[in-house]
Number of protein chains: 2
Amino acid sequence: MGLPWERIFAGSEQRLKSSAIRDLLAVTAQPDVISFAGGLPAPELFPVDGIRESFERVMRAEGAAALQYGPTEGHMPLRAFLAERLSMRGVKASPEEILITTGSQQALGLLGTVLLPRGSSVLIEAPSYVGALQAFTLHEPRYLPIRMDSEGIVVEDARQVLKSASVTPAFAYTVATFQNPSGVTMSLERRTGLLALSREFDLPLIEDDPYGDLRFSGAAVPAFRALDGGDDAVYLGTFSKTLAPGLRLGYVVAPRALISRLVLAKQAADLHTDSLAQRAVLDFCQHNDLAAHVAELCAVYRRRRDAMLSALRQYMPSSCSWTEPDGGLFTWVTLPEHVNTTELLREAVERKVAFVPGNAFFTDGSGGNTMRLNFSHPSPEKIEEGVRRLGELVTQRLSNVDQGSTFELAGSESR
Amino acid sequence: MGLPWERIFAGSEQRLKSSAIRDLLAVTAQPDVISFAGGLPAPELFPVDGIRESFERVMRAEGAAALQYGPTEGHMPLRAFLAERLSMRGVKASPEEILITTGSQQALGLLGTVLLPRGSSVLIEAPSYVGALQAFTLHEPRYLPIRMDSEGIVVEDARQVLKSASVTPAFAYTVATFQNPSGVTMSLERRTGLLALSREFDLPLIEDDPYGDLRFSGAAVPAFRALDGGDDAVYLGTFSKTLAPGLRLGYVVAPRALISRLVLAKQAADLHTDSLAQRAVLDFCQHNDLAAHVAELCAVYRRRRDAMLSALRQYMPSSCSWTEPDGGLFTWVTLPEHVNTTELLREAVERKVAFVPGNAFFTDGSGGNTMRLNFSHPSPEKIEEGVRRLGELVTQRLSNVDQGSTFELAGSESR
C-alpha cells in the first residue's frame with residue numbers, strides 16, 4: 001500500500017554509510033561497560049554555572065536579538081573575538097575570513113558541498129577522522145590515503161601520489177594535532193613540507209583542529225595558517241572540546257573567496273547557527289578565563305592519558321604497540337597483523353569493555369589490526385580496569401600464536 | 001602567489017546561487033527603510049522571560065547532559081512531546097518517526113541529500129519557497145513547476161506533467177498552508193487530489209508547514225499526514241514562527257525507512273542539533289501555554305494583515321491584484337504584465353520601502369511582474385505608510401500606459 005521506499009533509496013547506499021562508531025556506541029551505552037569507544041569530553045568538567053550565567057545575562061541584555069534570525073556568517077562580535085584570539089596564536093584571521101558553523105562537523109559538510117564536484121579526489125591521512133569521511137563521501141570522491149608515521153603524514157608519499165595523479169585532488173584534509181584517531185601530531189618539518197606541496201600543486205589544504213588547545217606535554221607546533229605562506233590554508237576550530245559540544249559551535253577560517261561560497265552553502269544547510277548560543281559563548285569567554293579552564297581540562301586529561309599509557313605498558317603483550325599522544329582525547333593501538341579488532345570487539349563487549357576497531361578510519365579496508373582508545377571520558381580507575389580486561393583478552397588471543405609486531409599506524413606493511 | 005580559488009570554484013556557480021532575498025536584506029537593513037522584504041517574526045512578541053527561565057531551569061536540572069554530545073535523532077523527550085502534540089492535530093507520528101533538525105531549513109537540505117541523486121527531477125509549486133530551491137539546487141535537479149491558483153497547486157496540471165515524465169520525480173514539495181511566498185492555502189480537494197497522485201505515481205510528498213499554526217481566519221485544512229492514505233507523506237515543522245527562529249529548532253516527520261537515511265545525512269551535516277536548545281524549548285512548552293502564545297501572535301499578525309490588505313485596496317491601482325491570506329506572514333501582489341518588479345525595487349528603495357521581487361521564487365524566469373510582501377514584522381502604521389509609498393510608485397509607473405490585470409499568481413498567461 002505505502003510508497004516503495006527501498007526502491008526509492010536504491011543507489012544511495014554508497015553515499016550514506018552508517019558510522020561504525022555510532023552503531024557501536026549504542027551497544028556500549030550500558031553503564032557497566034567501560035567504554036573507550038566514544039570521543040566525549042568529561043562532562044564533570046563542563047563549566048555549567050558559568051555557562052548558565054552567560055545564557056541568563058544574554059537573555060536579559062539582548063533577548064529579542066538572541067531569539068531572532070541572524071546573519072548566515074555568524075554573530076559579528078563573536079567573529080571579531082575569534083579573529084583576535086586566533087591572531088594571538090599566530091593564526092592569520094580577519095573577522096570577514098571567519099564563518100561560524102553548527103559545530104565543526106558542519107564546516108566539513110560545507111567544504112564537501114563547495115569543493116567536491118562530481119569526480120573529485122581528496123588527499124587524506126590514513127587513518128583519518130571518520131566524521132570527515134562521512135561528510136566527504138556524500139559527494140563520492142576518490143580517496144587518496146597517505147601513510148602516517150609518528151611524525152604525521154609521510155610527505156614524500158603525498159608528493160608521489162600528487163605527481164602521478166591525472167588531476168589535482170580537490171583538497172588535502174588533515175587533523176594535524178593530536179589526530180583523531182591516532183593521537184599523532186604532525187611535526188613542523190612535515191607541515192612545511194605539506195604546505196610546500198600545497199603551493200606547488202595548487203592544492204587547497206584543510207586543517208581540522210578540534211584538539212590543538214588540549215596539549216599536556218611537549219612544545220606547540222604552529223597551525224598551517226600560522227606558517228609563512230599559509231595564508232590560503234583553511235582552518236577549522238570548535239568550542240566542543242574546550243567548552244561544551246552540546247551547543248554545536250564551531251568555525252572555519254578561510255580566504256574570503258571560499259568563505260563567500262561556504263556562506264551560500266550554509267544558507268541552504270541551516271540558514272545560520274543558533275543566535276543565542278553564539279552570544280552566550282562569547283559572553284562566557286568575556287566573563288571567564290577560558291585559558292584557565294582549558295588548563296584545568298589538560299591537567300585532568302593528562303592524568304587519564306598517563307593512566308592509559310601506564311596500563312597499556314602493564315597489561316598489553318609486548319607484540320602490541322601504541323601511540324603516546326601529547327594531548328587530545330585518543331591513543332591508537334596496533335596489534336599483531338593477524339588479529340582482527342572488529343572480531344575482537346565482540347569478545348571485549350562480553351567482558352564489558354569497548355573500543356573502536358581501527359578499520360573504520362581507513363577508506364581502503366586496511367587497519368584491521370588496530371583500535372582507537374579514548375581516555376578523556378572514563379576515570380583513571382576505569383581506565384586501568386578497562387585496559388586490564390583488554391590486555392587479558394588480547395593476551396589470550398595471542399597465547400597460541402607466534403608473531404612479530406608492526407610499527408606503522410595502519411599495519412600497512414602486511415598488504 | 002596564493003591558490004587560484006576562482007579556477008578551483010569553476011563549475012560550482014550553478015549549484016551555489018545567492019538568494020535575491022538575502023542580498024536585498026543587506027540593502028534594506030537601514031532603519032529608515034520600511035521593509036516588507038524579510039520573513040521575520042515580530043521580535044517584540046518573543047516570550048523572552050519564559051525562554052530565559054527555561055534555559056535557567058534546564059541548566060540547573062541537567063546542565064551537564066545539556067552541554068554534552070547528544071543523539072543525532074534528537075532529544076527523545078522532545079520527540080515524544082512532538083509526537084503527542086502532532087497526533088492531537090491528527091498528524092500521525094510516533095517519536096521514532098521524528099527527527100529533530102537545526103531549523104526546518106536543515107530538513108530541506110537533508111531531504112535533498114537523501115532523495116536527490118544525480119539526474120533527479122522535483123515537482124514544485126510555482127512560485128515556491130526560495131530556501132527550498134536553494135537546498136535542492138545543490139543537487140542540480142530538473143524542476144517541474146506546477147501552476148497555482150487561489151486553491152493552491154493545480155492538480156490536473158501536475159497529473160499531466162507526471163504522465164508525460166519519462167521518470168517519476170524524486171518528490172513533490174509543497175508549502176500547502178499560507179504558502180511562502182504567495183500566502184495561498186491549498187484546499188482540501190486539491191490536497192486529496194495531490195495525495196491520490198502521490199499514491200498513483202509512487203511520488204513521495206513533502207509538506208513544509210512552518211506557518212500552519214498561524215491561522216487568523218477561516219477553517220483549518222488538514223495536513224497530508226492527517227488525511228486517509230497520508231501515512232507516507234513527509235511533514236516538516238519548526239519552532240521558528242511560533243516561538244523563536246534564533247534557536248534553530250525544527251523537525252521532520254517521515255516513515256522510519258526515510259528517517260534512518262536522514263539520520264545518516266544529519267550525522268555528516270552537524271552530528272546533532274543543540275542539546276541545550278532542545279531541552280529548553282521542551283521545558284518552555286511544559287511550563288507555558290504555547291497555544292495561548294500562538295493565539296497572541298495570531299491576534300497581532302491579523303491586525304497587520306488587515307492593515308496591509310486595507311492599504312493595498314486604498315493605494316494600489318485597480319490593475320493590480322493580491323492574495324488575501326488566512327494566516328502566515330506574506331501576501332503576494334501581481335502587477336500588470338509589463339511591470340518588472342526587480343527594476344521597480346530600485347526606485348522603491350529610493351522611496352525607503354522594500355519588497356522581494358517575485359521572480360526569485362520561480363525556477364523558469366517567470367513571475368517578473370509579482371512581489372512578495374511581509375506583514376508580520378512592521379507595525380500597522382509602518383505597513384500603511386509603506387504600502388502608500390509603493391502604491392504611489394506603481395501608480396506613477398502605470399500612469400502613461402494602458403493595460404489589463406492578471407489573475408494568475410505567476411502571470412503565466414503571458415508566456
# chains A, B, ... in the order shown; residues from 1 in each chain; ligands from 1
$ residues_around --residues "segment 224-234 of chain A" --least-positions-apart "2" --cutoff "8 Å" --atoms "only C-alpha atoms" --output "ChimeraX atom specification"
/A:89-92,191-192,195,204-207,222,236,252-255 /B:2-3
$ residues_around --residues "Gly328 of chain A" --least-positions-apart "5" --cutoff "9 Å" --atoms "only C-alpha atoms" --output "list in words"
Thr177, Phe178, Gln179, Asn180, Gly183, Pro210, Tyr211, Gly212, Asp213, Leu214, Arg215, Phe216, Lys241, Cys298, Tyr301, Phe375 and Ser376 of chain A
$ write_last_selection --atoms "C-alpha atoms" --output "PDB file, in the first residue's frame"
ATOM      1  CA  THR A 177      47.487  17.966  16.008  1.00  0.00           C
ATOM      2  CA  PHE A 178      46.568  15.081  18.358  1.00  0.00           C
ATOM      3  CA  GLN A 179      44.874  13.410  15.430  1.00  0.00           C
ATOM      4  CA  ASN A 180      41.588  11.620  15.720  1.00  0.00           C
ATOM      5  CA  GLY A 183      46.768  10.803  18.607  1.00  0.00           C
ATOM      6  CA  PRO A 210      39.489  20.451  17.455  1.00  0.00           C
ATOM      7  CA  TYR A 211      42.158  19.258  19.870  1.00  0.00           C
ATOM      8  CA  GLY A 212      45.086  21.689  19.480  1.00  0.00           C
ATOM      9  CA  ASP A 213      44.329  23.550  22.715  1.00  0.00           C
ATOM     10  CA  LEU A 214      44.423  20.325  24.729  1.00  0.00           C
ATOM     11  CA  ARG A 215      48.193  19.953  24.969  1.00  0.00           C
ATOM     12  CA  PHE A 216      49.528  18.188  28.108  1.00  0.00           C
ATOM     13  CA  LYS A 241      36.384  20.196  23.219  1.00  0.00           C
ATOM     14  CA  CYS A 298      44.532  19.490  30.417  1.00  0.00           C
ATOM     15  CA  TYR A 301      43.162  14.632  30.749  1.00  0.00           C
ATOM     16  CA  PHE A 375      40.974   8.426  27.522  1.00  0.00           C
ATOM     17  CA  SER A 376      39.130  11.720  28.162  1.00  0.00           C
TER      18      SER A 376
END
$ residues_around --residues "Arg85 of chain B" --least-positions-apart "6" --cutoff "12 Å" --atoms "only C-alpha atoms" --output "ChimeraX atom specification"
/B:78-79,91-95,237,282,285-286,290-291
$ atom_distance --atom1 "atom CA of Pro181 of chain B" --atom2 "atom CA of Ala158 of chain B"
19.6 Å
$ residues_around --residues "segment 128-139 of chain A" --least-positions-apart "6" --cutoff "6 Å" --atoms "only C-alpha atoms" --output "ChimeraX atom specification"
/A:15,109,112,180,361 /B:268
$ residues_around --residues "Leu162 of chain B" --least-positions-apart "4" --cutoff "10 Å" --atoms "only C-alpha atoms" --output "tab-separated table (two decimals) with all heavy atoms, in the first residue's frame"
chain	number	residue	atom	x	y	z
B	123	LEU	N	8.97	17.96	-8.43
B	123	LEU	CA	7.73	18.67	-8.71
B	123	LEU	C	7.57	19.78	-7.67
B	123	LEU	O	7.57	19.51	-6.46
B	123	LEU	CB	6.57	17.68	-8.59
B	123	LEU	CG	5.27	18.03	-9.32
B	123	LEU	CD1	5.38	17.60	-10.78
B	123	LEU	CD2	4.09	17.36	-8.65
B	144	LEU	N	10.12	20.74	-12.13
B	144	LEU	CA	8.84	20.66	-12.83
B	144	LEU	C	7.87	21.56	-12.09
B	144	LEU	O	7.15	21.13	-11.18
B	144	LEU	CB	8.36	19.20	-12.82
B	144	LEU	CG	9.33	18.17	-13.41
B	144	LEU	CD1	8.85	16.74	-13.18
B	144	LEU	CD2	9.55	18.42	-14.90
B	156	GLU	N	-4.58	18.98	-11.78
B	156	GLU	CA	-4.69	18.42	-13.13
B	156	GLU	C	-3.42	18.69	-13.94
B	156	GLU	O	-2.96	17.84	-14.71
B	156	GLU	CB	-5.93	18.99	-13.84
B	156	GLU	CG	-6.38	18.21	-15.06
B	156	GLU	CD	-6.33	16.69	-14.88
B	156	GLU	OE1	-6.76	16.20	-13.80
B	156	GLU	OE2	-5.82	15.99	-15.79
B	157	ASP	N	-2.82	19.86	-13.74
B	157	ASP	CA	-1.55	20.17	-14.40
B	157	ASP	C	-0.45	19.22	-13.92
B	157	ASP	O	0.38	18.75	-14.70
B	157	ASP	CB	-1.12	21.62	-14.11
B	157	ASP	CG	-1.92	22.62	-14.92
B	157	ASP	OD1	-2.98	22.24	-15.47
B	157	ASP	OD2	-1.51	23.79	-15.00
B	158	ALA	N	-0.45	18.96	-12.61
B	158	ALA	CA	0.55	18.04	-12.06
B	158	ALA	C	0.39	16.66	-12.67
B	158	ALA	O	1.38	16.00	-13.03
B	158	ALA	CB	0.42	17.97	-10.54
B	166	SER	N	9.35	11.05	-18.23
B	166	SER	CA	9.95	9.76	-18.55
B	166	SER	C	10.28	8.98	-17.28
B	166	SER	O	10.19	7.76	-17.24
B	166	SER	CB	11.20	9.97	-19.40
B	166	SER	OG	12.06	10.90	-18.78
B	167	VAL	N	10.71	9.69	-16.23
B	167	VAL	CA	10.89	9.03	-14.93
B	167	VAL	C	10.11	9.82	-13.88
B	167	VAL	O	9.93	11.04	-14.00
B	167	VAL	CB	12.37	8.98	-14.48
B	167	VAL	CG1	13.13	7.91	-15.22
B	167	VAL	CG2	13.03	10.33	-14.63
B	168	THR	N	9.64	9.11	-12.85
B	168	THR	CA	8.91	9.77	-11.77
B	168	THR	C	9.84	10.73	-11.05
B	168	THR	O	10.98	10.38	-10.76
B	168	THR	CB	8.39	8.72	-10.77
B	168	THR	OG1	7.57	7.80	-11.48
B	168	THR	CG2	7.57	9.37	-9.67
B	169	PRO	N	9.37	11.94	-10.74
B	169	PRO	CA	10.21	12.87	-9.98
B	169	PRO	C	10.58	12.27	-8.62
B	169	PRO	O	9.89	11.38	-8.11
B	169	PRO	CB	9.31	14.09	-9.81
B	169	PRO	CG	8.31	14.00	-10.90
B	169	PRO	CD	8.08	12.54	-11.14
B	197	LEU	N	-2.48	11.42	-6.48
B	197	LEU	CA	-1.39	11.38	-7.47
B	197	LEU	C	-0.14	10.76	-6.88
B	197	LEU	O	0.55	9.97	-7.53
B	197	LEU	CB	-1.03	12.80	-7.93
B	197	LEU	CG	-1.86	13.49	-8.99
B	197	LEU	CD1	-1.14	14.75	-9.45
B	197	LEU	CD2	-2.11	12.56	-10.18
B	198	SER	N	0.16	11.15	-5.65
B	198	SER	CA	1.35	10.62	-4.97
B	198	SER	C	1.29	9.10	-4.91
B	198	SER	O	2.28	8.41	-5.19
B	198	SER	CB	1.43	11.22	-3.56
B	198	SER	OG	2.19	10.41	-2.70
B	201	PHE	N	1.45	7.47	-8.58
B	201	PHE	CA	2.75	7.51	-9.26
B	201	PHE	C	3.93	7.14	-8.35
B	201	PHE	O	5.08	7.33	-8.75
B	201	PHE	CB	2.98	8.91	-9.87
B	201	PHE	CG	2.10	9.21	-11.05
B	201	PHE	CD1	0.85	9.80	-10.88
B	201	PHE	CD2	2.53	8.89	-12.34
B	201	PHE	CE1	0.05	10.07	-11.98
B	201	PHE	CE2	1.73	9.16	-13.44
B	201	PHE	CZ	0.47	9.75	-13.26
B	203	LEU	N	4.99	8.73	-5.82
B	203	LEU	CA	5.70	10.01	-5.73
B	203	LEU	C	5.74	10.47	-4.27
B	203	LEU	O	4.70	10.83	-3.71
B	203	LEU	CB	4.96	11.04	-6.58
B	203	LEU	CG	5.44	12.49	-6.51
B	203	LEU	CD1	6.79	12.64	-7.20
B	203	LEU	CD2	4.40	13.42	-7.13
$ closest_atom_pairs --of "chain A" --to "chain B" --cutoff "6 Å" --atoms "only C-alpha atoms" --output "Markdown table"
| residue | atom | partner | partner_atom | distance |
| --- | --- | --- | --- | --- |
| A:Leu3 | CA | B:Asp202 | CA | 5.6 |
| A:Pro43 | CA | B:Ala64 | CA | 5.6 |
| A:Val48 | CA | B:Gly63 | CA | 5.8 |
| A:Arg52 | CA | B:Met59 | CA | 5.8 |
| A:Met59 | CA | B:Arg52 | CA | 5.9 |
| A:Gly63 | CA | B:Val48 | CA | 5.8 |
| A:Ala64 | CA | B:Pro43 | CA | 5.6 |
| A:Leu67 | CA | B:Gly246 | CA | 4.2 |
| A:Gln68 | CA | B:Gly246 | CA | 4.5 |
| A:Tyr69 | CA | B:Gly246 | CA | 4.9 |
| A:Gln105 | CA | B:Asp270 | CA | 5.1 |
| A:Gln106 | CA | B:Asp270 | CA | 4.7 |
| A:Gly109 | CA | B:Ala269 | CA | 5.3 |
| A:Gln134 | CA | B:Ala268 | CA | 5.5 |
| A:Ala135 | CA | B:Ala268 | CA | 4.6 |
| A:Asp202 | CA | B:Leu3 | CA | 5.6 |
| A:Ala244 | CA | B:Leu67 | CA | 5.3 |
| A:Pro245 | CA | B:Gln68 | CA | 5.5 |
| A:Gly246 | CA | B:Leu67 | CA | 4.2 |
| A:Leu247 | CA | B:Asp274 | CA | 4.9 |
| A:Arg248 | CA | B:Asp274 | CA | 5.6 |
| A:Ala268 | CA | B:Ala135 | CA | 4.6 |
| A:Ala269 | CA | B:Gln106 | CA | 5.2 |
| A:Asp270 | CA | B:Gln106 | CA | 4.7 |
| A:Asp274 | CA | B:Leu247 | CA | 4.9 |
| A:Ser275 | CA | B:Gly246 | CA | 5.0 |
$ write_last_selection --atoms "C-alpha atoms" --output "compact mmCIF listing (two decimals), in the first residue's frame"
# COMPACT_ATOMS: atom_id res chain seq x y z
CA LEU A 3 5.39 4.06 -1.12
CA PRO A 43 31.04 16.14 31.47
CA VAL A 48 27.90 24.57 33.97
CA ARG A 52 24.20 29.18 32.83
CA MET A 59 18.73 36.82 27.60
CA GLY A 63 16.98 38.52 24.49
CA ALA A 64 14.98 39.55 21.43
CA LEU A 67 15.99 34.78 19.56
CA GLN A 68 15.67 36.37 16.10
CA TYR A 69 17.08 35.21 12.77
CA GLN A 105 31.28 18.90 11.61
CA GLN A 106 29.16 21.36 9.64
CA GLY A 109 29.95 19.20 5.31
CA GLN A 134 31.19 10.64 6.15
CA ALA A 135 30.80 14.27 5.09
CA ASP A 202 47.68 24.42 -6.18
CA ALA A 244 30.89 22.16 25.50
CA PRO A 245 29.96 20.09 22.44
CA GLY A 246 26.21 20.19 23.09
CA LEU A 247 25.99 23.84 21.98
CA ARG A 248 27.25 22.90 18.47
CA ALA A 268 20.93 26.20 2.11
CA ALA A 269 22.02 23.97 5.02
CA ASP A 270 20.53 25.73 8.07
CA ASP A 274 21.88 29.36 16.92
CA SER A 275 21.90 33.12 17.65
$ select_by_dssp --residues "segment 341-373 of chain A" --states "alpha helix (DSSP H)" --output "list in words"
Thr341, Thr342, Glu343, Leu344, Leu345, Arg346, Glu347, Ala348, Val349 and Glu350 of chain A
$ residues_around --residues "Asp208 of chain B" --least-positions-apart "5" --cutoff "8 Å" --atoms "only C-alpha atoms" --output "mmCIF file with C-alpha atoms, in the first residue's frame"
data_model
loop_
_atom_site.group_PDB
_atom_site.id
_atom_site.type_symbol
_atom_site.label_atom_id
_atom_site.label_comp_id
_atom_site.auth_asym_id
_atom_site.auth_seq_id
_atom_site.Cartn_x
_atom_site.Cartn_y
_atom_site.Cartn_z
ATOM 1 C CA TYR B 173 7.390 19.708 -2.491
ATOM 2 C CA THR B 174 4.620 21.930 -1.156
ATOM 3 C CA VAL B 175 4.119 24.643 1.426
ATOM 4 C CA ALA B 176 0.417 23.863 1.462
ATOM 5 C CA TYR B 235 5.899 16.655 7.245
ATOM 6 C CA LEU B 236 8.259 19.495 8.220
ATOM 7 C CA GLY B 237 7.603 21.609 11.291
#
$ select_by_dssp --residues "segment 170-357 of chain A" --states "strand (DSSP E or B)" --output "VMD selection string"
chain A and resid 171 to 174 205 to 208 215 234 to 238 250 to 253 321 to 322 327 330 to 334 353 to 354 356 to 357
$ write_last_selection --atoms "N, CA and C atoms" --output "CSV table (one decimal), in the first residue's frame"
chain,number,residue,atom,x,y,z
A,171,PHE,N,41.3,18.8,-2.5
A,171,PHE,CA,42.0,19.4,-1.3
A,171,PHE,C,42.7,18.2,-0.6
A,172,ALA,N,43.6,18.6,0.4
A,172,ALA,CA,44.1,17.7,1.3
A,172,ALA,C,43.5,18.0,2.7
A,173,TYR,N,43.1,17.0,3.4
A,173,TYR,CA,42.5,17.1,4.7
A,173,TYR,C,43.4,16.5,5.8
A,174,THR,N,43.6,17.3,6.8
A,174,THR,CA,44.5,16.8,7.9
A,174,THR,C,44.0,17.2,9.3
A,205,LEU,N,44.4,23.2,1.3
A,205,LEU,CA,44.8,22.5,2.5
A,205,LEU,C,43.8,22.8,3.6
A,206,ILE,N,43.2,21.7,4.1
A,206,ILE,CA,42.2,21.9,5.2
A,206,ILE,C,42.7,21.3,6.5
A,207,GLU,N,42.9,22.2,7.5
A,207,GLU,CA,43.4,21.7,8.8
A,207,GLU,C,42.3,21.8,9.8
A,208,ASP,N,41.9,20.6,10.3
A,208,ASP,CA,40.8,20.5,11.3
A,208,ASP,C,41.5,20.4,12.6
A,215,ARG,N,46.8,20.5,24.9
A,215,ARG,CA,48.2,20.0,25.0
A,215,ARG,C,48.6,19.7,26.4
A,234,VAL,N,43.0,26.5,5.0
A,234,VAL,CA,41.7,26.5,5.7
A,234,VAL,C,41.9,26.0,7.1
A,235,TYR,N,41.3,26.6,8.1
A,235,TYR,CA,41.5,26.2,9.5
A,235,TYR,C,40.1,26.0,10.1
A,236,LEU,N,39.9,24.8,10.7
A,236,LEU,CA,38.6,24.6,11.4
A,236,LEU,C,38.8,24.5,12.9
A,237,GLY,N,38.0,25.3,13.6
A,237,GLY,CA,38.1,25.2,15.1
A,237,GLY,C,36.7,25.0,15.7
A,238,THR,N,36.7,24.8,17.0
A,238,THR,CA,35.4,24.4,17.7
A,238,THR,C,35.5,24.7,19.1
A,250,GLY,N,31.1,25.8,16.1
A,250,GLY,CA,32.4,25.7,15.5
A,250,GLY,C,32.6,26.9,14.6
A,251,TYR,N,33.8,26.9,13.9
A,251,TYR,CA,34.0,28.0,12.9
A,251,TYR,C,35.1,27.5,11.9
A,252,VAL,N,35.1,28.2,10.8
A,252,VAL,CA,36.0,27.9,9.8
A,252,VAL,C,36.7,29.2,9.4
A,253,VAL,N,38.0,29.2,9.3
A,253,VAL,CA,38.8,30.3,8.8
A,253,VAL,C,39.3,30.0,7.4
A,321,SER,N,51.8,-2.4,20.0
A,321,SER,CA,52.4,-1.0,20.1
A,321,SER,C,51.3,0.0,20.2
A,322,TRP,N,51.6,1.2,20.6
A,322,TRP,CA,50.6,2.3,20.7
A,322,TRP,C,51.3,3.6,20.6
A,327,GLY,N,48.6,15.2,23.8
A,327,GLY,CA,47.4,15.9,24.0
A,327,GLY,C,46.2,15.2,23.4
A,330,PHE,N,42.8,10.7,22.4
A,330,PHE,CA,42.9,9.4,21.9
A,330,PHE,C,44.3,8.8,21.8
A,331,THR,N,44.4,7.5,22.1
A,331,THR,CA,45.6,6.8,21.6
A,331,THR,C,45.2,5.7,20.7
A,332,TRP,N,46.2,5.1,20.0
A,332,TRP,CA,45.9,4.2,18.9
A,332,TRP,C,46.8,3.0,19.1
A,333,VAL,N,46.2,1.8,19.1
A,333,VAL,CA,46.9,0.6,19.4
A,333,VAL,C,47.0,-0.3,18.2
A,334,THR,N,48.2,-0.8,17.9
A,334,THR,CA,48.4,-1.7,16.8
A,334,THR,C,48.7,-3.0,17.3
A,353,VAL,N,34.1,-4.2,28.1
A,353,VAL,CA,35.0,-3.1,27.7
A,353,VAL,C,34.8,-2.9,26.2
A,354,ALA,N,34.9,-1.6,25.8
A,354,ALA,CA,34.7,-1.3,24.4
A,354,ALA,C,35.7,-0.3,23.8
A,356,VAL,N,36.9,1.4,19.5
A,356,VAL,CA,36.5,1.5,18.1
A,356,VAL,C,37.6,0.7,17.3
A,357,PRO,N,37.1,-0.3,16.5
A,357,PRO,CA,38.0,-1.0,15.6
A,357,PRO,C,38.6,0.0,14.6
$ residues_around --residues "Ser310 of chain B" --least-positions-apart "4" --cutoff "12 Å" --atoms "only C-alpha atoms" --output "list of chain:residue names"
B:Arg302, B:Arg303, B:Arg304, B:Arg305, B:Asp306, B:Gln314, B:Tyr315, B:Met316, B:Trp322, B:Glu324, B:Pro380, B:Glu381, B:Ile383, B:Glu384, B:Glu385, B:Val387, B:Arg388
$ atom_distance --atom1 "atom CA of Arg159 of chain B" --atom2 "atom CA of Tyr143 of chain B"
15.1 Å
$ atom_distance --atom1 "atom CA of Glu73 of chain A" --atom2 "atom CA of Gln278 of chain A"
11.5 Å
